[in-house]
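Structure file data.pdb; described as PDB, N, CA and C atoms, pLDDT in the B column.
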```pdb
ATOM      1  N   MET U   1      11.468  -5.945   6.775  1.00 78.00           N
ATOM      2  CA  MET U   1      11.996  -4.938   5.874  1.00 78.00           C
ATOM      3  C   MET U   1      12.100  -5.508   4.453  1.00 78.00           C
ATOM      4  N   SER U   2      12.784  -6.677   4.316  1.00 85.00           N
ATOM      5  CA  SER U   2      12.906  -7.341   3.017  1.00 85.00           C
ATOM      6  C   SER U   2      13.142  -8.826   3.256  1.00 85.00           C
ATOM      7  N   PRO U   3      12.837  -9.661   2.255  1.00 88.00           N
ATOM      8  CA  PRO U   3      13.040 -11.101   2.436  1.00 88.00           C
ATOM      9  C   PRO U   3      14.513 -11.435   2.658  1.00 88.00           C
ATOM     10  N   ARG U   4      14.758 -12.451   3.420  1.00 89.00           N
ATOM     11  CA  ARG U   4      16.136 -12.900   3.693  1.00 89.00           C
ATOM     12  C   ARG U   4      16.463 -14.185   2.943  1.00 89.00           C
ATOM     13  N   VAL U   5      15.592 -14.574   2.035  1.00 95.00           N
ATOM     14  CA  VAL U   5      15.815 -15.753   1.199  1.00 95.00           C
ATOM     15  C   VAL U   5      15.634 -15.351  -0.259  1.00 95.00           C
ATOM     16  N   THR U   6      16.079 -16.205  -1.168  1.00 96.00           N
ATOM     17  CA  THR U   6      16.017 -15.927  -2.597  1.00 96.00           C
ATOM     18  C   THR U   6      15.320 -17.082  -3.314  1.00 96.00           C
ATOM     19  N   VAL U   7      14.425 -16.749  -4.225  1.00 98.00           N
ATOM     20  CA  VAL U   7      13.728 -17.768  -5.011  1.00 98.00           C
ATOM     21  C   VAL U   7      14.750 -18.593  -5.793  1.00 98.00           C
ATOM     22  N   GLY U   8      14.567 -19.918  -5.761  1.00 97.00           N
ATOM     23  CA  GLY U   8      15.448 -20.828  -6.495  1.00 97.00           C
ATOM     24  C   GLY U   8      16.660 -21.287  -5.700  1.00 97.00           C
ATOM     25  N   THR U   9      16.888 -20.673  -4.551  1.00 97.00           N
ATOM     26  CA  THR U   9      18.040 -21.039  -3.723  1.00 97.00           C
ATOM     27  C   THR U   9      17.645 -22.163  -2.772  1.00 97.00           C
ATOM     28  N   ARG U  10      18.601 -23.068  -2.542  1.00 97.00           N
ATOM     29  CA  ARG U  10      18.397 -24.152  -1.569  1.00 97.00           C
ATOM     30  C   ARG U  10      19.136 -23.803  -0.281  1.00 97.00           C
ATOM     31  N   TYR U  11      18.492 -24.117   0.832  1.00 97.00           N
ATOM     32  CA  TYR U  11      19.054 -23.850   2.152  1.00 97.00           C
ATOM     33  C   TYR U  11      19.151 -25.166   2.902  1.00 97.00           C
ATOM     34  N   ARG U  12      20.335 -25.447   3.422  1.00 96.00           N
ATOM     35  CA  ARG U  12      20.571 -26.710   4.122  1.00 96.00           C
ATOM     36  C   ARG U  12      19.825 -26.773   5.436  1.00 96.00           C
ATOM     37  N   MET U  13      19.382 -27.969   5.725  1.00 95.00           N
ATOM     38  CA  MET U  13      18.782 -28.267   7.017  1.00 95.00           C
ATOM     39  C   MET U  13      19.617 -29.385   7.614  1.00 95.00           C
ATOM     40  N   GLU U  14      19.255 -29.804   8.801  1.00 93.00           N
ATOM     41  CA  GLU U  14      19.995 -30.904   9.420  1.00 93.00           C
ATOM     42  C   GLU U  14      20.015 -32.119   8.493  1.00 93.00           C
ATOM     43  N   GLU U  15      18.867 -32.433   7.925  1.00 93.00           N
ATOM     44  CA  GLU U  15      18.772 -33.505   6.930  1.00 93.00           C
ATOM     45  C   GLU U  15      18.046 -32.942   5.721  1.00 93.00           C
ATOM     46  N   GLY U  16      18.677 -32.936   4.587  1.00 95.00           N
ATOM     47  CA  GLY U  16      18.070 -32.427   3.370  1.00 95.00           C
ATOM     48  C   GLY U  16      18.180 -30.921   3.259  1.00 95.00           C
ATOM     49  N   GLU U  17      17.371 -30.374   2.385  1.00 97.00           N
ATOM     50  CA  GLU U  17      17.380 -28.941   2.125  1.00 97.00           C
ATOM     51  C   GLU U  17      15.955 -28.477   1.875  1.00 97.00           C
ATOM     52  N   ILE U  18      15.751 -27.159   1.908  1.00 97.00           N
ATOM     53  CA  ILE U  18      14.516 -26.581   1.402  1.00 97.00           C
ATOM     54  C   ILE U  18      14.894 -25.696   0.226  1.00 97.00           C
ATOM     55  N   GLU U  19      14.029 -25.670  -0.773  1.00 98.00           N
ATOM     56  CA  GLU U  19      14.241 -24.808  -1.933  1.00 98.00           C
ATOM     57  C   GLU U  19      13.086 -23.823  -2.007  1.00 98.00           C
ATOM     58  N   VAL U  20      13.413 -22.544  -2.105  1.00 98.00           N
ATOM     59  CA  VAL U  20      12.406 -21.489  -2.136  1.00 98.00           C
ATOM     60  C   VAL U  20      11.774 -21.444  -3.525  1.00 98.00           C
ATOM     61  N   ASP U  21      10.441 -21.587  -3.567  1.00 98.00           N
ATOM     62  CA  ASP U  21       9.695 -21.586  -4.819  1.00 98.00           C
ATOM     63  C   ASP U  21       9.197 -20.190  -5.193  1.00 98.00           C
ATOM     64  N   SER U  22       8.736 -19.432  -4.201  1.00 97.00           N
ATOM     65  CA  SER U  22       8.203 -18.102  -4.496  1.00 97.00           C
ATOM     66  C   SER U  22       8.201 -17.243  -3.237  1.00 97.00           C
ATOM     67  N   ILE U  23       8.206 -15.943  -3.462  1.00 97.00           N
ATOM     68  CA  ILE U  23       8.084 -14.959  -2.384  1.00 97.00           C
ATOM     69  C   ILE U  23       7.043 -13.951  -2.845  1.00 97.00           C
ATOM     70  N   GLU U  24       6.042 -13.733  -1.999  1.00 96.00           N
ATOM     71  CA  GLU U  24       4.953 -12.824  -2.365  1.00 96.00           C
ATOM     72  C   GLU U  24       4.719 -11.838  -1.228  1.00 96.00           C
ATOM     73  N   ASN U  25       4.667 -10.557  -1.555  1.00 95.00           N
ATOM     74  CA  ASN U  25       4.350  -9.531  -0.571  1.00 95.00           C
ATOM     75  C   ASN U  25       2.846  -9.556  -0.362  1.00 95.00           C
ATOM     76  N   ILE U  26       2.403  -9.772   0.889  1.00 94.00           N
ATOM     77  CA  ILE U  26       0.975  -9.848   1.184  1.00 94.00           C
ATOM     78  C   ILE U  26       0.644  -8.868   2.303  1.00 94.00           C
ATOM     79  N   GLY U  27      -0.641  -8.685   2.581  1.00 92.00           N
ATOM     80  CA  GLY U  27      -1.103  -7.831   3.667  1.00 92.00           C
ATOM     81  C   GLY U  27      -1.780  -8.647   4.749  1.00 92.00           C
ATOM     82  N   PHE U  28      -2.076  -8.007   5.876  1.00 90.00           N
ATOM     83  CA  PHE U  28      -2.734  -8.716   6.979  1.00 90.00           C
ATOM     84  C   PHE U  28      -4.051  -9.375   6.559  1.00 90.00           C
ATOM     85  N   PRO U  29      -4.854  -8.746   5.708  1.00 94.00           N
ATOM     86  CA  PRO U  29      -6.108  -9.408   5.298  1.00 94.00           C
ATOM     87  C   PRO U  29      -5.868 -10.733   4.566  1.00 94.00           C
ATOM     88  N   ASP U  30      -4.668 -10.908   4.004  1.00 95.00           N
ATOM     89  CA  ASP U  30      -4.350 -12.155   3.294  1.00 95.00           C
ATOM     90  C   ASP U  30      -4.018 -13.309   4.238  1.00 95.00           C
ATOM     91  N   ILE U  31      -3.779 -12.996   5.508  1.00 94.00           N
ATOM     92  CA  ILE U  31      -3.436 -14.030   6.485  1.00 94.00           C
ATOM     93  C   ILE U  31      -4.739 -14.589   7.052  1.00 94.00           C
ATOM     94  N   THR U  32      -5.215 -15.623   6.422  1.00 96.00           N
ATOM     95  CA  THR U  32      -6.503 -16.220   6.767  1.00 96.00           C
ATOM     96  C   THR U  32      -6.294 -17.491   7.588  1.00 96.00           C
ATOM     97  N   PRO U  33      -7.336 -17.952   8.254  1.00 97.00           N
ATOM     98  CA  PRO U  33      -7.228 -19.231   8.958  1.00 97.00           C
ATOM     99  C   PRO U  33      -6.812 -20.366   8.013  1.00 97.00           C
ATOM    100  N   GLN U  34      -7.308 -20.337   6.779  1.00 97.00           N
ATOM    101  CA  GLN U  34      -6.949 -21.368   5.802  1.00 97.00           C
ATOM    102  C   GLN U  34      -5.446 -21.311   5.485  1.00 97.00           C
ATOM    103  N   LEU U  35      -4.906 -20.115   5.270  1.00 96.00           N
ATOM    104  CA  LEU U  35      -3.473 -19.971   4.996  1.00 96.00           C
ATOM    105  C   LEU U  35      -2.660 -20.456   6.194  1.00 96.00           C
ATOM    106  N   ALA U  36      -3.104 -20.110   7.394  1.00 96.00           N
ATOM    107  CA  ALA U  36      -2.399 -20.551   8.605  1.00 96.00           C
ATOM    108  C   ALA U  36      -2.356 -22.074   8.681  1.00 96.00           C
ATOM    109  N   ARG U  37      -3.487 -22.728   8.440  1.00 97.00           N
ATOM    110  CA  ARG U  37      -3.536 -24.193   8.485  1.00 97.00           C
ATOM    111  C   ARG U  37      -2.672 -24.815   7.384  1.00 97.00           C
ATOM    112  N   GLN U  38      -2.722 -24.250   6.176  1.00 95.00           N
ATOM    113  CA  GLN U  38      -1.894 -24.751   5.082  1.00 95.00           C
ATOM    114  C   GLN U  38      -0.403 -24.619   5.416  1.00 95.00           C
ATOM    115  N   SER U  39      -0.090 -23.649   6.258  1.00 93.00           N
ATOM    116  CA  SER U  39       1.305 -23.404   6.645  1.00 93.00           C
ATOM    117  C   SER U  39       1.730 -24.228   7.850  1.00 93.00           C
ATOM    118  N   GLY U  40       0.817 -25.051   8.366  1.00 94.00           N
ATOM    119  CA  GLY U  40       1.162 -25.944   9.465  1.00 94.00           C
ATOM    120  C   GLY U  40       0.850 -25.406  10.851  1.00 94.00           C
ATOM    121  N   PHE U  41       0.066 -24.346  10.932  1.00 96.00           N
ATOM    122  CA  PHE U  41      -0.285 -23.758  12.226  1.00 96.00           C
ATOM    123  C   PHE U  41      -1.737 -24.066  12.561  1.00 96.00           C
ATOM    124  N   LEU U  42      -2.078 -23.967  13.842  1.00 96.00           N
ATOM    125  CA  LEU U  42      -3.455 -24.215  14.265  1.00 96.00           C
ATOM    126  C   LEU U  42      -4.384 -23.097  13.810  1.00 96.00           C
ATOM    127  N   GLY U  43      -3.859 -21.884  13.736  1.00 96.00           N
ATOM    128  CA  GLY U  43      -4.658 -20.736  13.342  1.00 96.00           C
ATOM    129  C   GLY U  43      -3.788 -19.510  13.148  1.00 96.00           C
ATOM    130  N   VAL U  44      -4.439 -18.397  12.881  1.00 95.00           N
ATOM    131  CA  VAL U  44      -3.726 -17.152  12.591  1.00 95.00           C
ATOM    132  C   VAL U  44      -2.858 -16.708  13.758  1.00 95.00           C
ATOM    133  N   LEU U  45      -3.381 -16.774  14.978  1.00 95.00           N
ATOM    134  CA  LEU U  45      -2.598 -16.326  16.138  1.00 95.00           C
ATOM    135  C   LEU U  45      -1.320 -17.147  16.305  1.00 95.00           C
ATOM    136  N   ASP U  46      -1.412 -18.446  16.129  1.00 94.00           N
ATOM    137  CA  ASP U  46      -0.218 -19.289  16.227  1.00 94.00           C
ATOM    138  C   ASP U  46       0.795 -18.924  15.143  1.00 94.00           C
ATOM    139  N   LEU U  47       0.311 -18.666  13.933  1.00 93.00           N
ATOM    140  CA  LEU U  47       1.204 -18.263  12.851  1.00 93.00           C
ATOM    141  C   LEU U  47       1.908 -16.955  13.197  1.00 93.00           C
ATOM    142  N   LEU U  48       1.154 -15.970  13.670  1.00 90.00           N
ATOM    143  CA  LEU U  48       1.743 -14.662  13.970  1.00 90.00           C
ATOM    144  C   LEU U  48       2.746 -14.715  15.118  1.00 90.00           C
ATOM    145  N   LYS U  49       2.519 -15.585  16.084  1.00 89.00           N
ATOM    146  CA  LYS U  49       3.469 -15.718  17.193  1.00 89.00           C
ATOM    147  C   LYS U  49       4.844 -16.139  16.696  1.00 89.00           C
ATOM    148  N   VAL U  50       4.862 -16.978  15.672  1.00 87.00           N
ATOM    149  CA  VAL U  50       6.122 -17.485  15.122  1.00 87.00           C
ATOM    150  C   VAL U  50       6.674 -16.558  14.049  1.00 87.00           C
ATOM    151  N   ALA U  51       5.807 -16.069  13.179  1.00 84.00           N
ATOM    152  CA  ALA U  51       6.257 -15.367  11.981  1.00 84.00           C
ATOM    153  C   ALA U  51       6.584 -13.899  12.202  1.00 84.00           C
ATOM    154  N   LYS U  52       5.947 -13.258  13.148  1.00 79.00           N
ATOM    155  CA  LYS U  52       6.157 -11.815  13.328  1.00 79.00           C
ATOM    156  C   LYS U  52       7.441 -11.568  14.119  1.00 79.00           C
ATOM    157  N   HIS U  53       8.360 -10.885  13.461  1.00 76.00           N
ATOM    158  CA  HIS U  53       9.609 -10.528  14.128  1.00 76.00           C
ATOM    159  C   HIS U  53      10.250  -9.360  13.397  1.00 76.00           C
ATOM    160  N   GLY U  54      11.181  -8.725  14.037  1.00 75.00           N
ATOM    161  CA  GLY U  54      11.853  -7.577  13.428  1.00 75.00           C
ATOM    162  C   GLY U  54      10.993  -6.326  13.495  1.00 75.00           C
ATOM    163  N   ARG U  55      11.534  -5.252  12.993  1.00 77.00           N
ATOM    164  CA  ARG U  55      10.821  -3.980  13.054  1.00 77.00           C
ATOM    165  C   ARG U  55      10.137  -3.614  11.739  1.00 77.00           C
ATOM    166  N   GLY U  56      10.281  -4.478  10.745  1.00 71.00           N
ATOM    167  CA  GLY U  56       9.676  -4.202   9.444  1.00 71.00           C
ATOM    168  C   GLY U  56       8.170  -4.325   9.473  1.00 71.00           C
ATOM    169  N   GLU U  57       7.536  -3.674   8.519  1.00 83.00           N
ATOM    170  CA  GLU U  57       6.080  -3.725   8.408  1.00 83.00           C
ATOM    171  C   GLU U  57       5.626  -4.546   7.218  1.00 83.00           C
ATOM    172  N   ASN U  58       6.551  -5.000   6.392  1.00 88.00           N
ATOM    173  CA  ASN U  58       6.210  -5.814   5.232  1.00 88.00           C
ATOM    174  C   ASN U  58       5.939  -7.245   5.652  1.00 88.00           C
ATOM    175  N   ILE U  59       5.025  -7.887   4.929  1.00 90.00           N
ATOM    176  CA  ILE U  59       4.696  -9.286   5.188  1.00 90.00           C
ATOM    177  C   ILE U  59       4.994 -10.056   3.907  1.00 90.00           C
ATOM    178  N   TYR U  60       5.762 -11.117   4.031  1.00 93.00           N
ATOM    179  CA  TYR U  60       6.118 -11.936   2.877  1.00 93.00           C
ATOM    180  C   TYR U  60       5.642 -13.365   3.088  1.00 93.00           C
ATOM    181  N   LEU U  61       4.994 -13.899   2.076  1.00 94.00           N
ATOM    182  CA  LEU U  61       4.610 -15.308   2.067  1.00 94.00           C
ATOM    183  C   LEU U  61       5.671 -16.042   1.250  1.00 94.00           C
ATOM    184  N   VAL U  62       6.421 -16.895   1.914  1.00 95.00           N
ATOM    185  CA  VAL U  62       7.496 -17.633   1.262  1.00 95.00           C
ATOM    186  C   VAL U  62       7.031 -19.078   1.102  1.00 95.00           C
ATOM    187  N   ARG U  63       6.960 -19.525  -0.126  1.00 96.00           N
ATOM    188  CA  ARG U  63       6.591 -20.916  -0.400  1.00 96.00           C
ATOM    189  C   ARG U  63       7.863 -21.682  -0.754  1.00 96.00           C
ATOM    190  N   PHE U  64       7.973 -22.882  -0.204  1.00 96.00           N
ATOM    191  CA  PHE U  64       9.171 -23.691  -0.445  1.00 96.00           C
ATOM    192  C   PHE U  64       8.796 -25.152  -0.403  1.00 96.00           C
ATOM    193  N   HIS U  65       9.719 -25.990  -0.839  1.00 96.00           N
ATOM    194  CA  HIS U  65       9.502 -27.426  -0.749  1.00 96.00           C
ATOM    195  C   HIS U  65      10.759 -28.088  -0.194  1.00 96.00           C
ATOM    196  N   TYR U  66      10.548 -29.247   0.389  1.00 96.00           N
ATOM    197  CA  TYR U  66      11.628 -30.017   1.003  1.00 96.00           C
ATOM    198  C   TYR U  66      12.326 -30.859  -0.054  1.00 96.00           C
ATOM    199  N   VAL U  67      13.651 -30.863  -0.005  1.00 97.00           N
ATOM    200  CA  VAL U  67      14.458 -31.694  -0.899  1.00 97.00           C
ATOM    201  C   VAL U  67      15.185 -32.705  -0.015  1.00 97.00           C
ATOM    202  N   PRO U  68      14.792 -33.982  -0.063  1.00 95.00           N
ATOM    203  CA  PRO U  68      15.427 -34.983   0.810  1.00 95.00           C
ATOM    204  C   PRO U  68      16.894 -35.184   0.426  1.00 95.00           C
ATOM    205  N   PRO U  69      17.684 -35.631   1.384  1.00 92.00           N
ATOM    206  CA  PRO U  69      19.091 -35.886   1.074  1.00 92.00           C
ATOM    207  C   PRO U  69      19.221 -37.060   0.108  1.00 92.00           C
ATOM    208  N   THR U  70      20.147 -36.943  -0.812  1.00 84.00           N
ATOM    209  CA  THR U  70      20.426 -38.049  -1.723  1.00 84.00           C
ATOM    210  C   THR U  70      21.503 -38.915  -1.090  1.00 84.00           C
ATOM    211  N   PRO U  71      21.657 -40.164  -1.535  1.00 77.00           N
ATOM    212  CA  PRO U  71      22.709 -41.017  -0.962  1.00 77.00           C
ATOM    213  C   PRO U  71      24.093 -40.378  -1.047  1.00 77.00           C
ATOM    214  N   LEU U  72      24.396 -39.647  -2.129  1.00 68.00           N
ATOM    215  CA  LEU U  72      25.688 -38.993  -2.263  1.00 68.00           C
ATOM    216  C   LEU U  72      25.866 -37.912  -1.205  1.00 68.00           C
ATOM    217  N   ARG U  73      24.829 -37.106  -0.965  1.00 55.00           N
ATOM    218  CA  ARG U  73      24.911 -36.063   0.064  1.00 55.00           C
ATOM    219  C   ARG U  73      25.068 -36.680   1.453  1.00 55.00           C
ATOM    220  N   ILE U  74      24.385 -37.796   1.689  1.00 53.00           N
ATOM    221  CA  ILE U  74      24.488 -38.456   2.998  1.00 53.00           C
ATOM    222  C   ILE U  74      25.922 -38.927   3.226  1.00 53.00           C
ATOM    223  N   ARG U  75      26.528 -39.536   2.212  1.00 55.00           N
ATOM    224  CA  ARG U  75      27.914 -40.002   2.356  1.00 55.00           C
ATOM    225  C   ARG U  75      28.860 -38.843   2.603  1.00 55.00           C
ATOM    226  N   ARG U  76      28.718 -37.750   1.865  1.00 58.00           N
ATOM    227  CA  ARG U  76      29.621 -36.593   2.015  1.00 58.00           C
ATOM    228  C   ARG U  76      29.495 -35.937   3.375  1.00 58.00           C
ATOM    229  N   SER U  77      28.273 -35.927   3.921  1.00 58.00           N
ATOM    230  CA  SER U  77      28.072 -35.243   5.203  1.00 58.00           C
ATOM    231  C   SER U  77      28.433 -36.111   6.392  1.00 58.00           C
ATOM    232  N   GLY U  78      28.671 -37.399   6.158  1.00 59.00           N
ATOM    233  CA  GLY U  78      29.024 -38.293   7.249  1.00 59.00           C
ATOM    234  C   GLY U  78      27.822 -38.775   8.042  1.00 59.00           C
ATOM    235  N   LEU U  79      26.609 -38.592   7.512  1.00 57.00           N
ATOM    236  CA  LEU U  79      25.417 -39.020   8.238  1.00 57.00           C
ATOM    237  C   LEU U  79      25.198 -40.523   8.210  1.00 57.00           C
ATOM    238  N   ASN U  80      25.994 -41.247   7.425  1.00 55.00           N
ATOM    239  CA  ASN U  80      25.780 -42.683   7.336  1.00 55.00           C
ATOM    240  C   ASN U  80      26.612 -43.452   8.367  1.00 55.00           C
ATOM    241  N   LYS U  81      27.163 -42.799   9.332  1.00 48.00           N
ATOM    242  CA  LYS U  81      28.011 -43.454  10.335  1.00 48.00           C
ATOM    243  C   LYS U  81      27.174 -44.204  11.330  1.00 48.00           C
TER     244      LYS U  81
END
```
Using the file provided, produce a representation of the structure as structure tokens.
Amino acid sequence: MSPRVTVGTRYRMEEGEIEVDSIENIGFPDITPQLARQSGFLGVLDLLKVAKHGRGENIYLVRFHYVPPTPLRIRRSGLNK
């Protein structure tokens, strides 16, 4: 229906964070084998098995990057125990 993330926002992971770089509304023809591989999947079918959910018909390509934990974040979270 609509994206559940916001560009520029960081989302915590077990270790580090991801920061959303862009969100693009795309169509099925845009889901190519190359895009699937760039996204870490073996192919289009593997991507769709994971990515397709909900009752919405919109397709969003969300690009993000990993932000590793800094020493200060590690100390605050207690991961250095």
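Atom CA of U:Arg4 is positioned 18.0 Å from atom CA of U:Gly27.
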Around the point (8.6, -25.5, -4.1) in the file's coordinates, collect all residues with an atom within 5 Å, using all atoms listed in the file, and return them as a short mmCIF file (atom, residue, chain, number, x, y, z; two decimals) with N, CA and C atoms, in the frame of the given file.
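Produced file selection.cif, reproduced below:
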```cif
data_model
loop_
_atom_site.label_atom_id
_atom_site.label_comp_id
_atom_site.auth_asym_id
_atom_site.auth_seq_id
_atom_site.Cartn_x
_atom_site.Cartn_y
_atom_site.Cartn_z
N ASP U 21 10.44 -21.59 -3.57
CA ASP U 21 9.70 -21.59 -4.82
C ASP U 21 9.20 -20.19 -5.19
N PHE U 64 7.97 -22.88 -0.20
CA PHE U 64 9.17 -23.69 -0.44
C PHE U 64 8.80 -25.15 -0.40
N HIS U 65 9.72 -25.99 -0.84
CA HIS U 65 9.50 -27.43 -0.75
C HIS U 65 10.76 -28.09 -0.19
#
```
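From atom N of U:His53 back to atom N of U:Tyr66, the distance works out to 22.6 Å.
Closest approach to U:Pro3 among U:Lys52, U:Val20, U:Tyr60, U:Gly40 is made by U:Tyr60 (distances from all atoms listed in the file).
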Can you list, as a ChimeraX atom specification, all residues belonging to chain U that DSSP tags as strand (DSSP E)?
/U:10-12,17-26,59-67
The residues within 10 Å of (18.2, -23.2, -2.4), using only C-alpha atoms and the coordinates of the file, should be reported as a CSV table (one decimal) with N, CA and C atoms, in the coordinates of the input; which are they?
```
chain,number,residue,atom,x,y,z
U,5,VAL,N,15.6,-14.6,2.0
U,5,VAL,CA,15.8,-15.8,1.2
U,5,VAL,C,15.6,-15.4,-0.3
U,6,THR,N,16.1,-16.2,-1.2
U,6,THR,CA,16.0,-15.9,-2.6
U,6,THR,C,15.3,-17.1,-3.3
U,7,VAL,N,14.4,-16.7,-4.2
U,7,VAL,CA,13.7,-17.8,-5.0
U,7,VAL,C,14.8,-18.6,-5.8
U,8,GLY,N,14.6,-19.9,-5.8
U,8,GLY,CA,15.4,-20.8,-6.5
U,8,GLY,C,16.7,-21.3,-5.7
U,9,THR,N,16.9,-20.7,-4.6
U,9,THR,CA,18.0,-21.0,-3.7
U,9,THR,C,17.6,-22.2,-2.8
U,10,ARG,N,18.6,-23.1,-2.5
U,10,ARG,CA,18.4,-24.2,-1.6
U,10,ARG,C,19.1,-23.8,-0.3
U,11,TYR,N,18.5,-24.1,0.8
U,11,TYR,CA,19.1,-23.8,2.2
U,11,TYR,C,19.2,-25.2,2.9
U,12,ARG,N,20.3,-25.4,3.4
U,12,ARG,CA,20.6,-26.7,4.1
U,12,ARG,C,19.8,-26.8,5.4
U,17,GLU,N,17.4,-30.4,2.4
U,17,GLU,CA,17.4,-28.9,2.1
U,17,GLU,C,16.0,-28.5,1.9
U,18,ILE,N,15.8,-27.2,1.9
U,18,ILE,CA,14.5,-26.6,1.4
U,18,ILE,C,14.9,-25.7,0.2
U,19,GLU,N,14.0,-25.7,-0.8
U,19,GLU,CA,14.2,-24.8,-1.9
U,19,GLU,C,13.1,-23.8,-2.0
U,20,VAL,N,13.4,-22.5,-2.1
U,20,VAL,CA,12.4,-21.5,-2.1
U,20,VAL,C,11.8,-21.4,-3.5
U,21,ASP,N,10.4,-21.6,-3.6
U,21,ASP,CA,9.7,-21.6,-4.8
U,21,ASP,C,9.2,-20.2,-5.2
U,64,PHE,N,8.0,-22.9,-0.2
U,64,PHE,CA,9.2,-23.7,-0.4
U,64,PHE,C,8.8,-25.2,-0.4
U,65,HIS,N,9.7,-26.0,-0.8
U,65,HIS,CA,9.5,-27.4,-0.7
U,65,HIS,C,10.8,-28.1,-0.2
U,67,VAL,N,13.7,-30.9,0.0
U,67,VAL,CA,14.5,-31.7,-0.9
U,67,VAL,C,15.2,-32.7,0.0
```
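Atom CA of U:Ser39 lies 22.4 Å from atom CA of U:Pro69.
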Spatial neighbours of U:Pro33, 8 Å, all atoms listed in the file, chain gap at least 2 places, as a VMD selection string
chain U and resid 30 to 31 35 to 39 41 to 45
Padding of 6 Å on every side, edges along x, y and z, all listed atoms of stretch 56-74 of chain U included: what centre and edge lengths in Å, to one decimal, does that box have, as lines of an AutoDock Vina configuration file?
```
center_x = 15.3
center_y = -22.3
center_z = 4.2
size_x = 33.3
size_y = 49.3
size_z = 25.0
```
From a DSSP calculation on the backbone, collect every residue of stretch 21-81 of chain U in helix (DSSP H, G or I) and output the set as number ranges by chain.
U: 28-30, 33-38, 44-51, 71-77
